[in-house]
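Below is final_35.pdb, which holds PDB, C-alpha atoms and all ligand atoms.
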```
ATOM      1  CA  MET M   1      15.887   7.791  -5.878
ATOM      2  CA  ALA M   2      13.110   5.254  -5.380
ATOM      3  CA  ASP M   3      11.550   4.201  -8.662
ATOM      4  CA  PRO M   4       7.750   3.967  -8.967
ATOM      5  CA  MET M   5       8.181   1.377 -11.749
ATOM      6  CA  HIS M   6       9.996  -0.968  -9.329
ATOM      7  CA  PHE M   7       6.715  -2.815  -8.693
ATOM      8  CA  ASP M   8       5.918  -3.195 -12.371
ATOM      9  CA  ARG M   9       9.119  -5.162 -12.972
ATOM     10  CA  LEU M  10       7.852  -7.712 -10.405
ATOM     11  CA  ALA M  11       4.309  -7.750 -11.764
ATOM     12  CA  SER M  12       3.781 -11.515 -12.069
ATOM     13  CA  GLY M  13       5.062 -12.359  -8.558
ATOM     14  CA  TYR M  14       3.929  -9.221  -6.751
ATOM     15  CA  ASP M  15       0.575 -10.486  -5.555
ATOM     16  CA  ASP M  16       1.967 -13.643  -4.003
ATOM     17  CA  ALA M  17       4.864 -11.773  -2.373
ATOM     18  CA  ARG M  18       2.859  -9.136  -0.495
ATOM     19  CA  PRO M  19       0.672 -10.177   2.441
ATOM     20  CA  PRO M  20      -2.925  -8.952   2.240
ATOM     21  CA  TYR M  21      -4.267  -6.118   4.387
ATOM     22  CA  PRO M  22      -5.712  -7.342   7.722
ATOM     23  CA  ALA M  23      -9.376  -8.325   7.555
ATOM     24  CA  ALA M  24     -10.021  -6.124  10.641
ATOM     25  CA  LEU M  25      -9.264  -2.991   8.605
ATOM     26  CA  TRP M  26     -11.701  -4.014   5.879
ATOM     27  CA  ALA M  27     -14.282  -4.809   8.591
ATOM     28  CA  ARG M  28     -13.804  -1.248   9.855
ATOM     29  CA  ALA M  29     -14.197   0.074   6.298
ATOM     30  CA  ALA M  30     -17.506  -1.819   6.113
ATOM     31  CA  GLU M  31     -18.608  -0.308   9.448
ATOM     32  CA  LEU M  32     -17.883   3.142   8.027
ATOM     33  CA  GLY M  33     -20.202   2.370   5.113
ATOM     34  CA  ALA M  34     -17.491   2.061   2.470
ATOM     35  CA  LEU M  35     -18.204  -1.503   1.351
ATOM     36  CA  ARG M  36     -21.856  -1.415   0.309
ATOM     37  CA  PRO M  37     -22.988  -3.093  -2.933
ATOM     38  CA  GLY M  38     -23.498  -0.710  -5.821
ATOM     39  CA  LEU M  39     -21.058   1.963  -4.617
ATOM     40  CA  ARG M  40     -18.559   3.258  -7.157
ATOM     41  CA  GLY M  41     -15.012   2.382  -6.073
ATOM     42  CA  LEU M  42     -11.696   3.802  -7.234
ATOM     43  CA  ASP M  43      -8.429   1.992  -6.437
ATOM     44  CA  LEU M  44      -5.472   4.376  -6.813
ATOM     45  CA  GLY M  45      -2.126   2.666  -7.432
ATOM     46  CA  ALA M  46      -3.955  -0.653  -7.545
ATOM     47  CA  GLY M  47      -0.861  -2.797  -8.130
ATOM     48  CA  SER M  48      -1.974  -6.405  -8.413
ATOM     49  CA  GLY M  49      -5.406  -5.567  -7.016
ATOM     50  CA  GLN M  50      -5.159  -6.303  -3.283
ATOM     51  CA  ALA M  51      -7.791  -3.629  -2.552
ATOM     52  CA  THR M  52      -9.628  -3.961  -5.857
ATOM     53  CA  ARG M  53     -10.623  -7.527  -5.067
ATOM     54  CA  VAL M  54     -12.036  -6.570  -1.654
ATOM     55  CA  LEU M  55     -14.159  -3.841  -3.229
ATOM     56  CA  LEU M  56     -15.377  -6.249  -5.929
ATOM     57  CA  ALA M  57     -16.231  -8.936  -3.367
ATOM     58  CA  ALA M  58     -18.325  -6.366  -1.488
ATOM     59  CA  GLY M  59     -20.298  -5.610  -4.644
ATOM     60  CA  LEU M  60     -18.780  -2.265  -5.629
ATOM     61  CA  THR M  61     -18.025  -1.391  -9.226
ATOM     62  CA  VAL M  62     -14.321  -0.598  -9.507
ATOM     63  CA  THR M  63     -12.090   1.640 -11.566
ATOM     64  CA  ALA M  64      -8.427   0.821 -10.971
ATOM     65  CA  VAL M  65      -5.672   3.348 -11.664
ATOM     66  CA  GLU M  66      -2.245   1.796 -12.195
ATOM     67  CA  PRO M  67       0.633   3.377 -14.157
ATOM     68  CA  GLY M  68       2.701   0.184 -14.495
ATOM     69  CA  PRO M  69       1.920  -1.497 -17.847
ATOM     70  CA  HIS M  70       2.559  -5.041 -16.623
ATOM     71  CA  LEU M  71       0.571  -4.558 -13.406
ATOM     72  CA  ALA M  72      -2.251  -2.944 -15.399
ATOM     73  CA  ALA M  73      -2.247  -5.976 -17.717
ATOM     74  CA  GLU M  74      -2.334  -8.335 -14.695
ATOM     75  CA  LEU M  75      -5.307  -6.415 -13.304
ATOM     76  CA  ARG M  76      -7.179  -6.674 -16.615
ATOM     77  CA  ARG M  77      -6.441 -10.405 -16.807
ATOM     78  CA  ARG M  78      -7.534 -11.138 -13.235
ATOM     79  CA  HIS M  79     -10.513  -8.788 -13.110
ATOM     80  CA  PRO M  80     -12.003  -8.269 -16.581
ATOM     81  CA  GLU M  81     -14.988  -6.495 -15.010
ATOM     82  CA  VAL M  82     -12.765  -3.679 -13.699
ATOM     83  CA  GLU M  83     -12.079  -0.549 -15.702
ATOM     84  CA  VAL M  84      -8.296  -0.244 -15.600
ATOM     85  CA  LEU M  85      -6.774   3.166 -16.345
ATOM     86  CA  GLN M  86      -3.077   2.806 -17.076
ATOM     87  CA  THR M  87      -1.956   6.188 -15.824
ATOM     88  CA  THR M  88      -1.024   7.987 -12.612
ATOM     89  CA  ALA M  89      -3.544   9.000  -9.966
ATOM     90  CA  GLU M  90      -2.626  12.628 -10.611
ATOM     91  CA  ALA M  91      -3.456  12.339 -14.335
ATOM     92  CA  ALA M  92      -6.423   9.935 -14.258
ATOM     93  CA  PRO M  93      -9.657  11.367 -15.674
ATOM     94  CA  LEU M  94     -12.085  11.352 -12.743
ATOM     95  CA  PRO M  95     -15.706  12.375 -13.290
ATOM     96  CA  ALA M  96     -16.992  15.050 -10.877
ATOM     97  CA  GLY M  97     -18.915  13.424  -8.040
ATOM     98  CA  GLY M  98     -18.455  10.030  -9.690
ATOM     99  CA  VAL M  99     -16.626   8.216  -6.883
ATOM    100  CA  ASP M 100     -18.183   6.923  -3.663
ATOM    101  CA  VAL M 101     -15.111   5.196  -2.238
ATOM    102  CA  ALA M 102     -11.537   5.948  -3.242
ATOM    103  CA  VAL M 103      -8.788   3.692  -1.885
ATOM    104  CA  ALA M 104      -5.028   4.228  -1.879
ATOM    105  CA  ALA M 105      -3.350   1.141  -0.412
ATOM    106  CA  THR M 106       0.380   1.563   0.301
ATOM    107  CA  SER M 107       0.458   3.898  -2.684
ATOM    108  CA  ILE M 108      -0.313   7.502  -1.592
ATOM    109  CA  HIS M 109       3.382   8.134  -0.814
ATOM    110  CA  TRP M 110       4.112   7.796  -4.550
ATOM    111  CA  MET M 111       1.660  10.520  -5.471
ATOM    112  CA  ASP M 112       1.859  14.310  -5.548
ATOM    113  CA  THR M 113      -0.902  15.081  -3.084
ATOM    114  CA  THR M 114      -0.947  18.785  -3.980
ATOM    115  CA  VAL M 115      -2.292  17.669  -7.373
ATOM    116  CA  LEU M 116      -4.258  14.645  -6.196
ATOM    117  CA  VAL M 117      -6.249  16.088  -3.269
ATOM    118  CA  PRO M 118      -8.130  18.812  -5.217
ATOM    119  CA  ARG M 119      -8.874  16.286  -7.963
ATOM    120  CA  LEU M 120     -10.176  13.759  -5.446
ATOM    121  CA  HIS M 121     -12.225  16.421  -3.693
ATOM    122  CA  ARG M 122     -13.978  17.097  -6.997
ATOM    123  CA  ALA M 123     -14.364  13.402  -7.851
ATOM    124  CA  LEU M 124     -15.770  12.222  -4.521
ATOM    125  CA  ALA M 125     -19.529  12.269  -4.002
ATOM    126  CA  PRO M 126     -20.590  14.592  -1.126
ATOM    127  CA  ASP M 127     -20.849  11.578   1.210
ATOM    128  CA  GLY M 128     -17.867   9.816  -0.390
ATOM    129  CA  LEU M 129     -14.887   8.425   1.500
ATOM    130  CA  LEU M 130     -11.160   8.170   0.882
ATOM    131  CA  LEU M 131      -9.494   5.153   2.533
ATOM    132  CA  VAL M 132      -5.713   5.398   2.794
ATOM    133  CA  LEU M 133      -4.200   2.113   3.910
ATOM    134  CA  ARG M 134      -0.667   1.099   4.610
ATOM    135  CA  ASN M 135       1.035  -2.129   5.583
ATOM    136  CA  VAL M 136       4.107  -1.201   7.641
ATOM    137  CA  PHE M 137       6.625  -4.048   7.501
ATOM    138  CA  GLY M 138       8.077  -3.939  10.995
ATOM    139  CA  ASP M 139       6.747  -2.804  14.388
ATOM    140  CA  GLU M 140       8.985  -0.561  16.485
ATOM    141  CA  ASP M 141       6.976  -1.362  19.628
ATOM    142  CA  VAL M 142       7.829  -5.080  19.526
ATOM    143  CA  PRO M 143      11.175  -6.168  21.065
ATOM    144  CA  VAL M 144      13.780  -6.555  18.302
ATOM    145  CA  THR M 145      14.001 -10.148  17.044
ATOM    146  CA  PRO M 146      17.299 -11.706  15.858
ATOM    147  CA  PHE M 147      15.995 -11.416  12.287
ATOM    148  CA  ARG M 148      15.206  -7.712  12.739
ATOM    149  CA  GLU M 149      18.757  -7.241  14.105
ATOM    150  CA  ARG M 150      20.041  -8.612  10.795
ATOM    151  CA  VAL M 151      17.686  -6.331   8.855
ATOM    152  CA  ALA M 152      18.925  -3.334  10.877
ATOM    153  CA  GLU M 153      22.555  -4.310  10.172
ATOM    154  CA  VAL M 154      21.905  -4.314   6.421
ATOM    155  CA  VAL M 155      20.167  -0.948   6.549
ATOM    156  CA  ALA M 156      22.874   0.570   8.800
ATOM    157  CA  ARG M 157      25.612  -0.460   6.339
ATOM    158  CA  ARG M 158      24.165   1.715   3.579
ATOM    159  CA  ALA M 159      26.456   4.648   2.807
ATOM    160  CA  ALA M 160      23.615   7.128   3.105
ATOM    161  CA  PRO M 161      20.017   6.701   4.128
ATOM    162  CA  ARG M 162      18.314   5.608   0.942
ATOM    163  CA  ALA M 163      15.722   8.017  -0.388
ATOM    164  CA  ARG M 164      12.387   6.705   0.711
ATOM    165  CA  HIS M 165       9.616   8.143  -1.303
ATOM    166  CA  GLY M 166       7.337  10.773   0.211
ATOM    167  CA  LEU M 167       4.914  10.151   3.012
ATOM    168  CA  GLN M 168       5.811   7.154   5.113
ATOM    169  CA  ASP M 169       3.916   7.482   8.347
ATOM    170  CA  LEU M 170       0.370   7.931   9.504
ATOM    171  CA  ALA M 171       0.703  11.312  11.235
ATOM    172  CA  ARG M 172       2.502  12.936   8.311
ATOM    173  CA  THR M 173       0.073  11.417   5.825
ATOM    174  CA  GLU M 174      -2.908  12.788   7.752
ATOM    175  CA  THR M 175      -1.326  16.247   8.060
ATOM    176  CA  ASP M 176      -0.531  16.282   4.357
ATOM    177  CA  LEU M 177      -3.951  15.113   3.182
ATOM    178  CA  THR M 178      -5.899  17.533   5.386
ATOM    179  CA  ALA M 179      -3.635  20.600   4.939
ATOM    180  CA  SER M 180      -5.647  22.013   2.038
ATOM    181  CA  GLY M 181      -8.866  22.069   4.067
ATOM    182  CA  LEU M 182     -10.565  20.010   1.343
ATOM    183  CA  LEU M 183     -10.524  16.694   3.228
ATOM    184  CA  THR M 184     -11.131  15.921   6.887
ATOM    185  CA  THR M 185     -10.463  12.838   8.978
ATOM    186  CA  VAL M 186     -13.336  10.488   9.748
ATOM    187  CA  SER M 187     -11.409   7.687  11.428
ATOM    188  CA  VAL M 188      -7.903   6.425  12.164
ATOM    189  CA  ASP M 189      -7.556   2.684  12.675
ATOM    190  CA  GLU M 190      -4.543   0.542  13.337
ATOM    191  CA  VAL M 191      -3.983  -3.209  13.550
ATOM    192  CA  ARG M 192      -0.896  -5.078  14.770
ATOM    193  CA  TRP M 193      -0.266  -8.558  13.466
ATOM    194  CA  SER M 194       2.468 -11.089  12.884
ATOM    195  CA  VAL M 195       3.309 -13.694  10.306
ATOM    196  CA  ASP M 196       5.830 -16.545  10.058
ATOM    197  CA  LEU M 197       7.955 -16.355   6.919
ATOM    198  CA  ASP M 198      10.438 -18.840   5.472
ATOM    199  CA  ALA M 199      13.444 -17.786   3.383
ATOM    200  CA  ARG M 200      11.498 -18.027   0.105
ATOM    201  CA  ARG M 201       8.788 -15.682   1.355
ATOM    202  CA  VAL M 202      11.305 -13.244   2.873
ATOM    203  CA  ARG M 203      13.168 -13.161  -0.444
ATOM    204  CA  ALA M 204       9.953 -12.532  -2.385
ATOM    205  CA  LEU M 205       8.630  -9.886   0.034
ATOM    206  CA  PHE M 206      11.842  -7.901   0.538
ATOM    207  CA  ALA M 207      12.398  -7.871  -3.242
ATOM    208  CA  THR M 208       9.166  -5.843  -3.507
ATOM    209  CA  PHE M 209      10.608  -3.085  -1.268
ATOM    210  CA  SER M 210      11.716  -0.352  -3.633
ATOM    211  CA  ASP M 211      14.670   0.708  -1.458
ATOM    212  CA  TRP M 212      16.278  -2.766  -1.172
ATOM    213  CA  THR M 213      18.993  -4.033  -3.532
ATOM    214  CA  PRO M 214      19.024  -7.683  -4.739
ATOM    215  CA  ALA M 215      22.220  -8.342  -2.700
ATOM    216  CA  GLU M 216      20.564  -7.000   0.463
ATOM    217  CA  VAL M 217      17.506  -9.172  -0.166
ATOM    218  CA  GLU M 218      19.709 -12.270  -0.522
ATOM    219  CA  GLU M 219      21.499 -11.407   2.698
ATOM    220  CA  VAL M 220      18.315 -11.314   4.794
ATOM    221  CA  ALA M 221      16.926 -14.430   3.067
ATOM    222  CA  ASP M 222      20.157 -16.247   4.009
ATOM    223  CA  ALA M 223      19.737 -14.972   7.569
ATOM    224  CA  VAL M 224      16.378 -16.772   7.767
ATOM    225  CA  GLU M 225      18.112 -20.080   6.957
ATOM    226  CA  VAL M 226      20.751 -19.427   9.640
ATOM    227  CA  LEU M 227      17.984 -18.634  12.140
ATOM    228  CA  GLY M 228      16.295 -22.002  11.616
ATOM    229  CA  GLY M 229      14.366 -21.592   8.376
ATOM    230  CA  SER M 230      11.451 -19.495   9.655
ATOM    231  CA  VAL M 231      11.130 -16.097  11.331
ATOM    232  CA  THR M 232       8.198 -14.312  12.952
ATOM    233  CA  GLU M 233       7.706 -10.835  11.574
ATOM    234  CA  HIS M 234       5.666  -8.213  13.457
ATOM    235  CA  TYR M 235       3.808  -5.738  11.297
ATOM    236  CA  ARG M 236       1.462  -2.806  11.711
ATOM    237  CA  SER M 237      -1.243  -1.759   9.323
ATOM    238  CA  TRP M 238      -3.231   1.431   9.428
ATOM    239  CA  MET M 239      -6.185   2.921   7.643
ATOM    240  CA  LEU M 240      -6.887   6.646   7.529
ATOM    241  CA  THR M 241     -10.436   7.433   6.423
ATOM    242  CA  LEU M 242     -11.229  10.925   5.141
ATOM    243  CA  ARG M 243     -14.226  12.661   3.639
ATOM    244  CA  PRO M 244     -14.513  15.754   1.486
ATOM    245  CA  ILE M 245     -15.454  19.080   3.103
ATOM    246  CA  HIS M 246     -18.141  20.965   1.119
TER     247      HIS M 246
HETATM  248  C1  LIG M 301       3.513  -0.618  -2.910
HETATM  249  S1  LIG M 301       2.573  -0.758  -4.373
HETATM  250  C2  LIG M 301       0.944  -1.048  -3.713
HETATM  251  C3  LIG M 301       0.036  -1.740  -4.688
HETATM  252  C4  LIG M 301      -1.344  -2.106  -4.162
HETATM  253  N1  LIG M 301      -2.155  -0.939  -3.892
HETATM  254  C5  LIG M 301      -1.236  -2.956  -2.930
HETATM  255  O1  LIG M 301      -1.688  -2.533  -1.874
HETATM  256  O2  LIG M 301      -0.725  -4.096  -3.021
HETATM  257  C6  LIG M 301       2.495   0.912  -4.962
HETATM  258  C7  LIG M 301       1.731   1.050  -6.283
HETATM  259  O3  LIG M 301       1.587   2.431  -6.606
HETATM  260  C8  LIG M 301       1.759   2.575  -8.004
HETATM  261  N2  LIG M 301       2.113   3.980  -8.276
HETATM  262  C9  LIG M 301       3.327   4.571  -8.239
HETATM  263  N3  LIG M 301       3.205   5.880  -8.553
HETATM  264  C10 LIG M 301       1.882   6.113  -8.779
HETATM  265  C11 LIG M 301       1.117   7.269  -9.143
HETATM  266  N4  LIG M 301       1.691   8.461  -9.307
HETATM  267  N5  LIG M 301      -0.219   7.113  -9.324
HETATM  268  C12 LIG M 301      -0.822   5.909  -9.149
HETATM  269  N6  LIG M 301      -0.138   4.795  -8.785
HETATM  270  C13 LIG M 301       1.188   4.898  -8.598
HETATM  271  C14 LIG M 301       2.845   1.559  -8.339
HETATM  272  O4  LIG M 301       2.872   1.254  -9.711
HETATM  273  C15 LIG M 301       2.426   0.392  -7.461
HETATM  274  O5  LIG M 301       1.507  -0.448  -8.111
END
```

Turn this file's structure into structure tokens for me.
Ligand SMILES: C[S@@+](CC[C@H](N)C(=O)[O-])C[C@H]1O[C@@H](n2cnc3c(N)ncnc32)[C@H](O)[C@@H]1O
Amino acid sequence: MADPMHFDRLASGYDDARPPYPAALWARAAELGALRPGLRGLDLGAGSGQATRVLLAAGLTVTAVEPGPHLAAELRRRHPEVEVLQTTAEAAPLPAGGVDVAVAATSIHWMDTTVLVPRLHRALAPDGLLLVLRNVFGDEDVPVTPFRERVAEVVARRAAPRARHGLQDLARTETDLTASGLLTTVSVDEVRWSVDLDARRVRALFATFSDWTPAEVEEVADAVEVLGGSVTEHYRSWMLTLRPIH
């Protein structure tokens, strides 16, 4: 079973290992009115603060919810101006109508949305927004690269498909978050991008994936060396924007 504390054990290196969300998605969030100075932001499953720092730079005040003690400590150290709640999104005390912009960046799939959605509905201001982002590491629409063949070989060798946690894709996430009739979709945005990674960066990034073992990570990092020391990875990122129905 995937372990939500996996990320906390990597707290000090997590930020460097994970690529940031594409600027185009944040530009879209700004267009939707989510990044205006003075708004009250809430970063759910904030990790090392990839979304928190965008909200801060835009002039929002930010409350960050992060259950991992080491990640919560990192957040406090990096962003002393942020209120950090070391708890789960489902348990966090959220004042009624006290949130203008809630963000869940590659984190909603760890949460029990049957608990979270009614709580968020109450916490969001009437014109508030929920931004659900996800970096998808891989792009099925791009022809398979030699490196991706090696990744597929490692995954195929697993005795049983490893339990991935909860909601993984955009369509299922949207269906799940709107099922209660409390939230409705405002916008769905998607960006495709690529990045060149050397063996060190592949090792660091794949180690952050909660369903990869250390031996599997070493195997794909070695594959990068065999393939010339650098590989181009094709990724997709999406942002689902919702608002509360009143
Ligand atoms: C893949 S990381 C993403 C971190 C960060 N949002 C980012 O985009 O880099 C998932 C995060 O969700 C947190 N998490 C796991 N279960 C959670 C829960 N029930 N409530 C809030 N956060 C949770 C983990 O501790 C971890 O920091």

Any chance you could work out the axis-aligned box around segment 204-216 of chain M, listed atoms only, 8 Å on each side, giving centre and edge lengths in Å to one decimal, as JSON?
```
{"center_x": 15.4, "center_y": -5.9, "center_z": -2.1, "size_x": 29.6, "size_y": 29.2, "size_z": 21.3}
```

- Pick from M:Glu153, M:Asp3, M:Asp16, M:Asp112, whichever lies nearest to Glu216 of chain M using only C-alpha atoms: M:Glu153

- Given the file above and the PyMOL selection byres (((chain M and resi 178) around 12) and not hetatm), which residues are selected, and can you give them as a PyMOL selection string? chain M and resi 113-114+117-118+121+130+171-177+179-186+240-245

- Task: Identify, counting all atoms listed in the file, the protein, DNA and RNA residues located within 8 Å of ligand LIG 301 (chain M), and give them as a ChimeraX atom specification.
- Result: /M:4-8,14-15,18,20-21,43-51,65-68,71,87-91,104-108,110-112,133-135,208-209

Which residues, written as a PDB file with C-alpha atoms, in the frame of the given file, have at least one atom at most 10 Å from Leu56 of chain M, with only C-alpha atoms counted and residues fewer than 3 positions away on the same chain left out?
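And here is the file that came out, around-v4.pdb:
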```pdb
ATOM      1  CA  LEU M  35     -18.204  -1.503   1.351  1.00  0.00           C
ATOM      2  CA  PRO M  37     -22.988  -3.093  -2.933  1.00  0.00           C
ATOM      3  CA  GLY M  38     -23.498  -0.710  -5.821  1.00  0.00           C
ATOM      4  CA  GLY M  41     -15.012   2.382  -6.073  1.00  0.00           C
ATOM      5  CA  ALA M  51      -7.791  -3.629  -2.552  1.00  0.00           C
ATOM      6  CA  THR M  52      -9.628  -3.961  -5.857  1.00  0.00           C
ATOM      7  CA  ARG M  53     -10.623  -7.527  -5.067  1.00  0.00           C
ATOM      8  CA  GLY M  59     -20.298  -5.610  -4.644  1.00  0.00           C
ATOM      9  CA  LEU M  60     -18.780  -2.265  -5.629  1.00  0.00           C
ATOM     10  CA  THR M  61     -18.025  -1.391  -9.226  1.00  0.00           C
ATOM     11  CA  VAL M  62     -14.321  -0.598  -9.507  1.00  0.00           C
ATOM     12  CA  HIS M  79     -10.513  -8.788 -13.110  1.00  0.00           C
ATOM     13  CA  GLU M  81     -14.988  -6.495 -15.010  1.00  0.00           C
ATOM     14  CA  VAL M  82     -12.765  -3.679 -13.699  1.00  0.00           C
TER      15      VAL M  82
END
```

- Message: Between atom CA of Tyr235 of chain M and atom CA of Asp100 of chain M, what is the distance in Å, rounded to a tenth?
- Response: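 A separation of 29.5 Å between them.
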
- Query: In terms of the shortest atom-to-atom distance over all atoms listed in the file, which of M:Leu94, M:Ala207, M:Val115, M:Val84 is closest to Ala72 of chain M?
  - Reply: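 Of M:Leu94, M:Ala207, M:Val115, M:Val84, the one nearest Ala72 of chain M is M:Val84, counting all atoms listed in the file.
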
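Among M:Ala27, M:Val136, M:Leu10, M:Ala152, the residue with the shortest atom-to-atom distance to His70 of chain M, counting all atoms listed in the file, is M:Leu10.
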
- Message: For a test of reading the model, state the distance in Å between atom CA of Ser187 of chain M and atom CA of Glu31 of chain M, rounded to one decimal.
- Response: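 Between atom CA of Ser187 of chain M and atom CA of Glu31 of chain M the gap is 10.9 Å.
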
- Message: Under the rule that only C-alpha atoms are counted, which of M:Val101, M:Glu233, M:Ala223, M:Pro80 is the nearest residue to Arg40 of chain M?
- Response: M:Val101

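The shortest atom-to-atom distance to His234 of chain M, with only C-alpha atoms taken into account, belongs to M:Arg192 out of M:Arg192, M:Arg9, M:Arg36, M:His109.
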
- Item | 12 Å contact set for segment 226-232 of chain M, all atoms listed in the file, chain neighbours under 6 positions out, as a list in words |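 So, after excluding close chain neighbours, the residues are Phe137, Gly138, Asp139, Val142, Pro143, Val144, Thr145, Pro146, Phe147, Arg148, Glu149, Arg150, Trp193, Ser194, Val195, Asp196, Leu197, Asp198, Ala199, Arg200, Arg201, Val202, Glu219 and Val220 of chain M.
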
- Check the smallest atom-to-atom distance from each of M:Leu42, M:Leu32, M:Ala160, M:Ala57 to Ala123 of chain M using all atoms listed in the file, then report the winner.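 For Ala123 of chain M, the nearest of the candidates is M:Leu42.
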
- Record the distance separating atom CA of Ala221 of chain M and atom CA of Ala2 of chain M, expressed in Å with one decimal.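 These two atoms are separated by 21.8 Å.
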